[in-house]
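Working notes, beginning with the structure itself.
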Amino acid sequence: MRGPALEAAPLVPVAAAFIRGLILAVSFQPHPVALWLGASLSALATAGWLLRGRSAAAAAGLLLTVALIGLLRAAAPILPADHIARLALPSPLRVEGRLASEPIRWAPDRTRLLLETEGIQVGKDRRSVRGLVQVALYGEPPPLTEGQRIAGELRLHRPFGFRNPRGFDYPGHLAREGIFLVGSGRGDRLEALTPEAPPWPVRIKRWAVTTIQRHLPPASAALLAGLLLGERTEFPPAADEAFRRAGVYHILAVSGFNVALLASAVFLGLSLLRLPRRLVAAAAIGLLIGFALVVGGEPSVVRATVMGVLLLLGLLLERETSLFNSVALAALVILLWRPGDLWEPGFQLSFAATLGILYLARPWIAALTERGWPQWLAASVAVSLGAQLAVLPIMLIHFNQLSLIGIVANLVVVPLAAVATTLGLAALLLTLLHEGLGHLLFQSLWLVLLALRAAVWILAALPAAMIYLPGPHSAAVVAFYAVLAALPHWGLHRAMRYGAVGLTALVLAASLWPWVRPADGRLRVTFLDVGQGDAAFVELPDGRRLLVDGGPGGERRFDVGERVVAPFLWNRAVWSLDAAVMTHADPDHAGGLAAILRRFRVRELWDNGIADAGELSRLAERRGTLRRRLHAGDRIWLGAVPFTVLHPPATPLAGSPRGPAADENNNSLVLRLDWGLASVLLTGDVEQEGEADLLARRRPLDHRVLKVAHHGSRYSTTEEFLATGRPALAVISAGRRNPFNHPTPEVVERLAKAGVKIYRTDRDGAVVVETDGAALSVTRWASRATDALPLASHP
């Protein structure tokens, strides 16, 4: 934007300067006092230049001042002395507070609360505190609502996530929301200190959702609640996946689409009553603000509301409104209020899509219309294409998703969604006047919702409707957006065309490199941080890849395979695996493998031939995956690397005094892989009876890297096993704050006594072991520290 366009949107450079300050704060954190002093001096200098008529210097000074304010606003908050996150607290303890938002039920027996704490009680002593705590409740709580005071026994701790390469920073996400402690408790132990009295926005939203559910079948009701209110708690997982695959998930988030429909309906309806234009605009402004309060303060809602209000104010004041100025003001409002939103996908997607439409769609509509396209078709294609291109890098960075049919899908789905949204609003209003007439309109609307769902299912079922790619490098992202910026000016300058072509080549090269990069001749084993479970990604010297176990998953569990392991593999440019290994059927090892079989092409599934593979076996059959049942004595060569199966024996072990669960653990697959002087032993959950069997059968146990069995249980990793294997280092895969106290002090002591260097995923995050066959290096991902170990020196 230059010249007159910039003069019409003076807030654009101001918003850009503020965002630069927020970005700079990531790597540069001066003392707040220095920032305040710098911003004050810059503001004074700006005022002085303005008084002297030096407009260029004043403009530069203003932008510097705004950038310093952004830097200051992004500074880490200094928590007050009575903030609950600063206190050393016992656990559990009684906590009192007020619900800062409406409770979210994300599973039949799971509820998430955001609690503004007011006091804690330890024994007979009560202490006043403050600060937000996010609470997970198990079981059925009493009726709760926003603003209600509650008390209950909670276990509090600092938040933690899964620390893997390019993984999601969950503690950082919560910190940007002002949450530094999380907790858990039982719903039946929660006490309501005040009656349930929802504020009016919550009452309206509850009434709307209840009314929709009363008049429509569950699946259609959930869809309409998403379209009108952004309410997706009841949305079926299969439907959620279909909307994502079709590239139309954005219609379930309240945004400019909803606001434009609401404003248009109100404006048209009131205009038909021949009310004055200014009165109509004022009424529409009030309704838009009320709508935003009902649906919540998500970035897309605030952006759309600010832009809608500014457009209506332009009508009210009879002044033209700059759309770019509206976008800039909306960004400033949100980021001044919540600066951390800059790093959230919701903010980035909302503003990128809007800017893509405003900046790219207009010239494309004109160009397509000149070529004879109908105006409606040209506008639909240009808007969809502009939005899809603008959000493409963001979708890859946060979700690794690229929809190949999104542009076409939006041409089909968005008109249906517009009709459904408009009829849904009308049906709710009509129900207020007459229940029977409202029901008739809901039934008519049901047909539209069925058509919408059918269109999405058909589109999502197309082969390769959505593909998964690595998140792009920052240089590729900058180059991509530079190309988009040059597109409307393609025909103006030859140099710009050449530059755009060069940048496009850079983007393509950077995008293709992870897929065509040659193997580096090293064996690499990444023991992923998957909480209380196991998952190890093995990269062989010739580029072949395996996954040994997939972490926790299964019904009513957080699916680590889907949410942690799969994104890690996508970011490693993995689309196929030579083998997925299920050491045994425990859900903390095998639960995540179902997602891997669904999302990736897996050539072979290895298991011990004993465990009931269940869903995995059926998935493997449907996906054309060869299932191999392995037992001791088998050897599989993948390139130059042998995988030797040391356990279980052909006749399964049984009769452990600790019961059937121990028997299942004792029949875990135990694999040994060798490369040069390096050898890695992967032991599953084998316990002391299984280790004794390995020793009795004189298996080749000498190794350098040990994946400690059963997360460091005291029933595994015996002294005799360590003395025979003589590992140089051991990796323990365990979850922080796990209820089993893994790894147990006994195992840690045995390893230390044997002179084994210990790495733990609960402390070190992902542990990456690399070797060229002559030396080992081990990287602890949480600290980025790397240790080197010459293999030849190991006895």
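Naming works like this for the structure tokens: A, B, ... for the chains as they're shown, residue 1 at the start of each chain, ligands 1 onward in shown order.
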
As a PyMOL selection string, which residues of range 571-781 of chain A does DSSP assign to helix (DSSP H, G or I)?
chain A and resi 571+587-590+593-599+615-623+660-666+688-696+709-712+719-725+745-753+761-764

Counting only C-alpha atoms, which residues of range 599-716 of chain A sit at most 8 Å from some atom of range 720-727 of chain A, and what is each one's closest atom pair with its distance in Å to one decimal, listed by chain and rising residue number, as a Markdown table?
| residue | atom | partner | partner_atom | distance |
| --- | --- | --- | --- | --- |
| A:Glu691 | CA | A:Phe721 | CA | 6.5 |
| A:Ala692 | CA | A:Phe721 | CA | 7.7 |
| A:Leu695 | CA | A:Phe721 | CA | 7.2 |
| A:Leu701 | CA | A:Gly725 | CA | 4.9 |
| A:Asp702 | CA | A:Gly725 | CA | 4.1 |
| A:His703 | CA | A:Pro727 | CA | 5.4 |
| A:Arg704 | CA | A:Pro727 | CA | 4.3 |
| A:Val705 | CA | A:Pro727 | CA | 5.6 |
| A:Leu706 | CA | A:Pro727 | CA | 6.1 |

Selected residue of minimal separation from Leu789 in chain A among A:Leu508, A:Ala728, A:Ala88, A:Ala579, counting only C-alpha atoms:
A:Ala728

Separation of CA of Ile610 in chain A and CA of Asp685 in chain A, in Å?
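Separating CA of Ile610 in chain A from CA of Asp685 in chain A is a distance of 14.4 Å.
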
I'd like to know which residues of range 114-340 of chain A are strand (DSSP E or B) (by DSSP, run on the backbone); could you write them as a PyMOL selection string?
chain A and resi 114-122+125-128+130+132-138+149-157+179-186+190-192

Given only C-alpha atoms as the counted atoms, nearest of A:Asp586, A:Glu749, A:Asp674, A:Glu146 to Val686 in chain A
A:Asp586

Neighbours of Pro652 in chain A within 10 Å (only C-alpha atoms; same-chain residues fewer than 5 positions away dropped), as a list in words?
Asn608, Gly609, Ile610, His631, His647, Asp663, Glu664, Asn666, Asn667, Ser668 and Gly690 of chain A

Who sits within 8 Å of range 98-104 of chain A, only C-alpha atoms, same chain under 2 positions skipped, as a VMD selection string:
chain A and resid 96 106 111 to 118 144 to 150 202 233

What would the file look like if the residues just selected were written as a tab-separated table (two decimals), in the first residue's frame with N, CA, C and O atoms?
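The resulting out-v1.tsv:
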chain	number	residue	atom	x	y	z
A	96	GLU	N	-11.08	-21.83	46.29
A	96	GLU	CA	-12.31	-21.10	46.05
A	96	GLU	C	-12.07	-20.09	44.93
A	96	GLU	O	-10.97	-19.56	44.78
A	106	TRP	N	-16.18	-31.53	27.31
A	106	TRP	CA	-15.55	-32.04	26.09
A	106	TRP	C	-15.62	-33.56	25.98
A	106	TRP	O	-15.17	-34.13	24.98
A	111	THR	N	-15.15	-32.25	32.16
A	111	THR	CA	-15.55	-30.84	32.05
A	111	THR	C	-14.34	-29.97	32.31
A	111	THR	O	-13.55	-30.24	33.22
A	112	ARG	N	-14.18	-28.93	31.50
A	112	ARG	CA	-13.06	-28.01	31.68
A	112	ARG	C	-13.58	-26.69	32.19
A	112	ARG	O	-14.53	-26.11	31.65
A	113	LEU	N	-12.95	-26.19	33.26
A	113	LEU	CA	-13.33	-24.92	33.89
A	113	LEU	C	-12.17	-23.94	33.81
A	113	LEU	O	-11.00	-24.34	33.85
A	114	LEU	N	-12.49	-22.67	33.74
A	114	LEU	CA	-11.50	-21.60	33.90
A	114	LEU	C	-11.89	-20.84	35.15
A	114	LEU	O	-12.93	-20.18	35.21
A	115	LEU	N	-11.03	-20.97	36.16
A	115	LEU	CA	-11.36	-20.47	37.50
A	115	LEU	C	-10.50	-19.27	37.85
A	115	LEU	O	-9.26	-19.35	37.80
A	116	GLU	N	-11.15	-18.15	38.20
A	116	GLU	CA	-10.45	-16.99	38.74
A	116	GLU	C	-10.40	-17.17	40.25
A	116	GLU	O	-11.40	-16.99	40.94
A	117	THR	N	-9.23	-17.58	40.76
A	117	THR	CA	-9.13	-17.97	42.16
A	117	THR	C	-9.28	-16.76	43.08
A	117	THR	O	-8.88	-15.64	42.74
A	118	GLU	N	-9.84	-17.04	44.25
A	118	GLU	CA	-10.03	-16.00	45.27
A	118	GLU	C	-9.42	-16.40	46.60
A	118	GLU	O	-9.03	-15.53	47.38
A	144	LEU	N	-23.32	-25.52	36.75
A	144	LEU	CA	-22.36	-24.42	36.85
A	144	LEU	C	-22.56	-23.45	35.71
A	144	LEU	O	-23.04	-23.81	34.63
A	145	THR	N	-22.16	-22.19	35.94
A	145	THR	CA	-22.24	-21.19	34.89
A	145	THR	C	-21.18	-20.11	35.12
A	145	THR	O	-20.61	-20.00	36.22
A	146	GLU	N	-20.93	-19.34	34.09
A	146	GLU	CA	-19.99	-18.23	34.16
A	146	GLU	C	-20.38	-17.26	35.28
A	146	GLU	O	-21.55	-16.93	35.46
A	147	GLY	N	-19.39	-16.82	36.05
A	147	GLY	CA	-19.62	-15.86	37.13
A	147	GLY	C	-19.97	-16.49	38.45
A	147	GLY	O	-19.96	-15.80	39.49
A	148	GLN	N	-20.23	-17.78	38.48
A	148	GLN	CA	-20.63	-18.45	39.72
A	148	GLN	C	-19.41	-18.72	40.60
A	148	GLN	O	-18.33	-19.04	40.12
A	149	ARG	N	-19.58	-18.57	41.91
A	149	ARG	CA	-18.51	-18.87	42.86
A	149	ARG	C	-18.61	-20.34	43.26
A	149	ARG	O	-19.69	-20.85	43.56
A	150	ILE	N	-17.45	-21.01	43.24
A	150	ILE	CA	-17.40	-22.44	43.57
A	150	ILE	C	-16.20	-22.71	44.46
A	150	ILE	O	-15.30	-21.87	44.62
A	202	VAL	N	-24.92	-15.65	28.22
A	202	VAL	CA	-24.92	-17.10	28.39
A	202	VAL	C	-26.35	-17.64	28.31
A	202	VAL	O	-26.60	-18.69	27.70
A	233	THR	N	-19.12	-28.32	20.72
A	233	THR	CA	-18.89	-29.35	21.73
A	233	THR	C	-19.65	-30.64	21.41
A	233	THR	O	-19.21	-31.72	21.78

I need the residue nearest Val530 in chain A from this list: A:Gly161, A:Gly502, A:Pro198, A:Gly97. Use only C-alpha atoms for the distance.
A:Gly161

Within 8 Å of range 334-340 of chain A using only C-alpha atoms, minus same-chain residues under 6 positions, as a list in words
Leu22, Arg73, Ala74, Arg176, Glu177, Pro299, Val302 and Arg303 of chain A

Residue neighbourhood Pro92 in chain A, 12 Å, only C-alpha atoms, exclusion window fewer than 2 positions, as a short mmCIF file (atom, residue, chain, number, x, y, z; two decimals) with all heavy atoms, in the first residue's frame:
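To be explicit, this is the file written out as selection.cif:
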data_model
loop_
_atom_site.label_atom_id
_atom_site.label_comp_id
_atom_site.auth_asym_id
_atom_site.auth_seq_id
_atom_site.Cartn_x
_atom_site.Cartn_y
_atom_site.Cartn_z
N LEU A 89 2.42 -24.71 47.15
CA LEU A 89 1.16 -25.21 47.69
C LEU A 89 1.20 -26.73 47.83
O LEU A 89 1.76 -27.42 46.98
CB LEU A 89 0.00 -24.83 46.76
CG LEU A 89 -0.17 -23.33 46.50
CD1 LEU A 89 -1.22 -23.11 45.42
CD2 LEU A 89 -0.58 -22.62 47.78
N PRO A 90 0.55 -27.24 48.87
CA PRO A 90 0.39 -28.69 48.95
C PRO A 90 -0.66 -29.15 47.95
O PRO A 90 -1.40 -28.34 47.39
CB PRO A 90 -0.10 -28.90 50.39
CG PRO A 90 -0.81 -27.63 50.73
CD PRO A 90 -0.06 -26.54 50.00
N ARG A 94 -8.04 -27.17 49.08
CA ARG A 94 -9.34 -26.58 48.78
C ARG A 94 -9.12 -25.21 48.15
O ARG A 94 -8.40 -24.36 48.68
CB ARG A 94 -10.17 -26.45 50.06
CG ARG A 94 -11.57 -25.84 49.83
CD ARG A 94 -12.34 -25.78 51.15
NE ARG A 94 -13.58 -25.03 51.03
CZ ARG A 94 -14.73 -25.52 50.60
NH1 ARG A 94 -14.79 -26.81 50.24
NH2 ARG A 94 -15.83 -24.77 50.53
N VAL A 95 -9.75 -25.00 46.99
CA VAL A 95 -9.60 -23.76 46.24
C VAL A 95 -10.99 -23.14 46.06
O VAL A 95 -11.95 -23.83 45.73
CB VAL A 95 -8.96 -24.01 44.86
CG1 VAL A 95 -8.81 -22.70 44.09
CG2 VAL A 95 -7.61 -24.69 45.01
N ILE A 120 -7.53 -19.97 49.03
CA ILE A 120 -7.18 -21.37 49.22
C ILE A 120 -7.26 -21.68 50.71
O ILE A 120 -7.13 -20.78 51.56
CB ILE A 120 -5.76 -21.68 48.70
CG1 ILE A 120 -4.72 -20.77 49.39
CG2 ILE A 120 -5.69 -21.55 47.19
CD1 ILE A 120 -3.29 -21.12 49.06
N GLN A 121 -7.48 -22.93 51.01
CA GLN A 121 -7.57 -23.34 52.40
C GLN A 121 -6.70 -24.57 52.60
O GLN A 121 -6.88 -25.59 51.94
CB GLN A 121 -9.02 -23.67 52.78
CG GLN A 121 -9.19 -23.94 54.27
CD GLN A 121 -10.65 -23.94 54.69
OE1 GLN A 121 -11.50 -23.42 53.98
NE2 GLN A 121 -10.92 -24.52 55.84
N VAL A 122 -5.75 -24.45 53.52
CA VAL A 122 -4.87 -25.56 53.89
C VAL A 122 -5.10 -25.82 55.36
O VAL A 122 -4.75 -24.99 56.22
CB VAL A 122 -3.39 -25.23 53.62
CG1 VAL A 122 -2.52 -26.42 53.98
CG2 VAL A 122 -3.19 -24.82 52.17
N GLY A 123 -5.70 -26.96 55.67
CA GLY A 123 -6.08 -27.22 57.06
C GLY A 123 -7.16 -26.25 57.48
O GLY A 123 -8.20 -26.12 56.84
N GLY A 152 -13.72 -26.36 45.82
CA GLY A 152 -13.54 -27.80 45.72
C GLY A 152 -12.11 -28.19 45.99
O GLY A 152 -11.20 -27.35 46.04
N GLU A 153 -11.92 -29.48 46.16
CA GLU A 153 -10.58 -30.03 46.40
C GLU A 153 -9.93 -30.29 45.05
O GLU A 153 -10.42 -31.08 44.23
CB GLU A 153 -10.69 -31.33 47.20
CG GLU A 153 -9.34 -31.90 47.60
CD GLU A 153 -9.49 -33.18 48.39
OE1 GLU A 153 -9.52 -34.25 47.76
OE2 GLU A 153 -9.57 -33.12 49.63
N LEU A 154 -8.80 -29.64 44.80
CA LEU A 154 -8.13 -29.73 43.51
C LEU A 154 -6.66 -30.08 43.69
O LEU A 154 -6.05 -29.74 44.71
CB LEU A 154 -8.22 -28.39 42.76
CG LEU A 154 -9.61 -27.83 42.48
CD1 LEU A 154 -9.49 -26.47 41.80
CD2 LEU A 154 -10.42 -28.79 41.63
N ARG A 155 -6.14 -30.75 42.70
CA ARG A 155 -4.69 -31.00 42.62
C ARG A 155 -4.12 -30.02 41.59
O ARG A 155 -4.51 -30.06 40.42
CB ARG A 155 -4.40 -32.44 42.21
CG ARG A 155 -4.86 -33.47 43.23
CD ARG A 155 -4.52 -34.88 42.79
NE ARG A 155 -4.93 -35.86 43.78
CZ ARG A 155 -4.20 -36.23 44.83
NH1 ARG A 155 -3.00 -35.69 45.00
NH2 ARG A 155 -4.65 -37.11 45.70
N LEU A 156 -3.24 -29.16 42.01
CA LEU A 156 -2.70 -28.11 41.15
C LEU A 156 -1.25 -28.41 40.78
O LEU A 156 -0.49 -28.95 41.59
CB LEU A 156 -2.78 -26.75 41.85
CG LEU A 156 -4.18 -26.29 42.30
CD1 LEU A 156 -4.08 -24.92 42.96
CD2 LEU A 156 -5.15 -26.25 41.14
N HIS A 157 -0.89 -28.04 39.57
CA HIS A 157 0.50 -28.17 39.14
C HIS A 157 0.73 -27.26 37.95
O HIS A 157 -0.22 -26.76 37.33
CB HIS A 157 0.84 -29.62 38.79
CG HIS A 157 0.00 -30.18 37.68
ND1 HIS A 157 0.32 -30.04 36.35
CD2 HIS A 157 -1.17 -30.89 37.71
CE1 HIS A 157 -0.60 -30.63 35.61
NE2 HIS A 157 -1.51 -31.15 36.40
N GLY A 183 -5.18 -27.67 37.05
CA GLY A 183 -5.55 -28.55 38.15
C GLY A 183 -6.55 -29.58 37.69
O GLY A 183 -7.07 -29.56 36.58
N SER A 184 -6.82 -30.50 38.57
CA SER A 184 -7.82 -31.54 38.30
C SER A 184 -8.55 -31.85 39.60
O SER A 184 -8.05 -31.60 40.70
CB SER A 184 -7.16 -32.81 37.75
OG SER A 184 -6.23 -33.34 38.69
N GLY A 185 -9.75 -32.38 39.44
CA GLY A 185 -10.54 -32.72 40.62
C GLY A 185 -11.76 -33.53 40.22
O GLY A 185 -12.03 -33.74 39.03
N ARG A 186 -12.49 -33.97 41.20
CA ARG A 186 -13.70 -34.75 40.97
C ARG A 186 -14.92 -33.84 41.00
O ARG A 186 -15.05 -32.98 41.87
CB ARG A 186 -13.83 -35.84 42.02
CG ARG A 186 -12.83 -36.97 41.86
CD ARG A 186 -12.94 -37.99 42.96
NE ARG A 186 -14.32 -38.43 43.19
CZ ARG A 186 -14.66 -39.37 44.07
NH1 ARG A 186 -13.72 -39.97 44.79
NH2 ARG A 186 -15.93 -39.70 44.23
#

The distance between CA of Pro165 in chain A and CA of Ser783 in chain A is 11.6 Å

Interatomic distance between CA of Trp446 in chain A and CA of Ala284 in chain A?
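One can read the CA of Trp446 in chain A to CA of Ala284 in chain A distance as 27.6 Å.
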
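Among the candidate residues A:Tyr359, A:Leu423, A:Pro552, A:Asn400, the one lying nearest to Tyr481 in chain A is A:Tyr359, with distances computed using only C-alpha atoms.
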
Rank A:Asp542, A:His215, A:Glu435, A:Gln401 by their smallest atom-to-atom distance to Glu241 in chain A, using only C-alpha atoms, and report the top residue only.
A:Gln401

Shell around Ile596 in chain A at 12 Å using only C-alpha atoms, local window under 4 positions removed, as a PyMOL selection string:
chain A and resi 535+546-551+553+559-570+574-577+579-582+590-592+600-603+605+616+619-620+623+625

Write to file, as a CSV table (one decimal), in the first residue's frame, the residues of the selection just made, with N, CA and C atoms.
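Final output, saved to result.csv:
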chain,number,residue,atom,x,y,z
A,535,ALA,N,6.9,-44.5,22.3
A,535,ALA,CA,6.9,-44.3,20.8
A,535,ALA,C,8.3,-43.9,20.4
A,546,LEU,N,10.8,-46.6,10.5
A,546,LEU,CA,9.9,-47.4,11.3
A,546,LEU,C,9.4,-46.6,12.5
A,547,LEU,N,8.3,-47.0,13.0
A,547,LEU,CA,7.8,-46.5,14.3
A,547,LEU,C,7.6,-47.7,15.2
A,548,VAL,N,8.2,-47.7,16.4
A,548,VAL,CA,8.0,-48.7,17.4
A,548,VAL,C,7.1,-48.2,18.4
A,549,ASP,N,5.9,-48.7,18.4
A,549,ASP,CA,4.8,-48.3,19.3
A,549,ASP,C,4.4,-46.8,19.0
A,550,GLY,N,3.2,-46.5,19.4
A,550,GLY,CA,2.6,-45.2,18.9
A,550,GLY,C,2.1,-44.4,20.1
A,551,GLY,N,2.5,-44.7,21.3
A,551,GLY,CA,2.0,-43.9,22.4
A,551,GLY,C,0.6,-44.2,22.8
A,553,GLY,N,-3.5,-44.0,23.5
A,553,GLY,CA,-4.6,-43.7,22.6
A,553,GLY,C,-5.7,-44.6,22.9
A,559,ASP,N,-5.6,-38.9,22.3
A,559,ASP,CA,-4.9,-39.8,21.3
A,559,ASP,C,-3.6,-39.2,20.9
A,560,VAL,N,-2.5,-39.7,21.5
A,560,VAL,CA,-1.2,-39.2,21.2
A,560,VAL,C,-0.7,-39.5,19.8
A,561,GLY,N,-1.2,-40.7,19.3
A,561,GLY,CA,-0.9,-41.0,17.9
A,561,GLY,C,-1.3,-39.9,16.9
A,562,GLU,N,-2.6,-39.5,17.1
A,562,GLU,CA,-3.2,-38.4,16.3
A,562,GLU,C,-2.6,-37.0,16.5
A,563,ARG,N,-2.4,-36.7,17.8
A,563,ARG,CA,-2.1,-35.3,18.2
A,563,ARG,C,-0.7,-35.0,18.3
A,564,VAL,N,0.2,-36.0,18.5
A,564,VAL,CA,1.6,-35.8,18.8
A,564,VAL,C,2.5,-36.5,17.8
A,565,VAL,N,2.3,-37.9,17.7
A,565,VAL,CA,3.2,-38.6,16.8
A,565,VAL,C,3.0,-38.3,15.3
A,566,ALA,N,1.7,-38.2,14.9
A,566,ALA,CA,1.5,-37.9,13.5
A,566,ALA,C,2.0,-36.6,13.1
A,567,PRO,N,1.8,-35.5,13.8
A,567,PRO,CA,2.4,-34.2,13.4
A,567,PRO,C,3.9,-34.2,13.4
A,568,PHE,N,4.5,-35.0,14.3
A,568,PHE,CA,6.0,-35.1,14.3
A,568,PHE,C,6.4,-35.8,13.0
A,569,LEU,N,5.7,-36.8,12.6
A,569,LEU,CA,6.1,-37.5,11.3
A,569,LEU,C,5.9,-36.6,10.1
A,570,TRP,N,4.7,-35.9,10.1
A,570,TRP,CA,4.5,-35.0,9.0
A,570,TRP,C,5.6,-33.9,8.8
A,574,VAL,N,7.4,-37.4,6.4
A,574,VAL,CA,7.1,-38.8,6.3
A,574,VAL,C,5.7,-39.0,5.8
A,575,TRP,N,5.5,-39.7,4.7
A,575,TRP,CA,4.2,-40.1,4.2
A,575,TRP,C,3.9,-41.6,4.2
A,576,SER,N,5.1,-42.4,4.4
A,576,SER,CA,4.9,-43.8,4.5
A,576,SER,C,6.0,-44.3,5.5
A,577,LEU,N,5.7,-45.5,6.1
A,577,LEU,CA,6.6,-46.1,7.0
A,577,LEU,C,6.8,-47.5,6.5
A,579,ALA,N,7.6,-49.9,8.4
A,579,ALA,CA,7.0,-50.8,9.4
A,579,ALA,C,6.5,-50.0,10.6
A,580,ALA,N,5.4,-50.5,11.1
A,580,ALA,CA,5.0,-50.0,12.4
A,580,ALA,C,5.0,-51.2,13.4
A,581,VAL,N,5.6,-51.1,14.5
A,581,VAL,CA,5.8,-52.2,15.4
A,581,VAL,C,4.9,-52.0,16.7
A,582,MET,N,4.2,-53.0,17.0
A,582,MET,CA,3.4,-53.1,18.2
A,582,MET,C,4.0,-54.1,19.1
A,590,ALA,N,0.1,-49.3,22.1
A,590,ALA,CA,-0.5,-49.6,20.9
A,590,ALA,C,-1.7,-48.6,20.6
A,591,GLY,N,-2.1,-47.8,21.6
A,591,GLY,CA,-3.3,-47.0,21.4
A,591,GLY,C,-3.2,-46.0,20.2
A,592,GLY,N,-2.0,-45.4,20.1
A,592,GLY,CA,-1.8,-44.4,19.1
A,592,GLY,C,-1.5,-44.9,17.7
A,600,PHE,N,-1.1,-42.7,7.5
A,600,PHE,CA,0.1,-43.0,6.7
A,600,PHE,C,0.0,-44.3,6.0
A,601,ARG,N,0.8,-44.4,5.0
A,601,ARG,CA,0.9,-45.7,4.3
A,601,ARG,C,1.9,-46.5,5.0
A,602,VAL,N,1.5,-47.6,5.6
A,602,VAL,CA,2.4,-48.5,6.4
A,602,VAL,C,2.5,-49.8,5.7
A,603,ARG,N,3.7,-50.2,5.3
A,603,ARG,CA,3.9,-51.4,4.5
A,603,ARG,C,3.7,-52.6,5.3
A,605,LEU,N,3.1,-54.3,9.5
A,605,LEU,CA,2.8,-54.2,10.9
A,605,LEU,C,3.4,-55.4,11.6
A,616,LEU,N,-6.4,-52.6,15.1
A,616,LEU,CA,-5.2,-52.5,14.3
A,616,LEU,C,-5.1,-53.5,13.2
A,619,LEU,N,-7.7,-52.5,10.6
A,619,LEU,CA,-7.2,-51.3,9.8
A,619,LEU,C,-6.1,-51.7,8.8
A,620,ALA,N,-5.2,-52.6,9.3
A,620,ALA,CA,-4.1,-53.0,8.5
A,620,ALA,C,-4.6,-53.8,7.2
A,623,ARG,N,-6.1,-51.3,4.8
A,623,ARG,CA,-5.1,-50.4,4.2
A,623,ARG,C,-4.1,-51.1,3.4
A,625,THR,N,-1.9,-53.3,4.6
A,625,THR,CA,-0.6,-53.4,5.3
A,625,THR,C,-0.4,-54.9,5.6
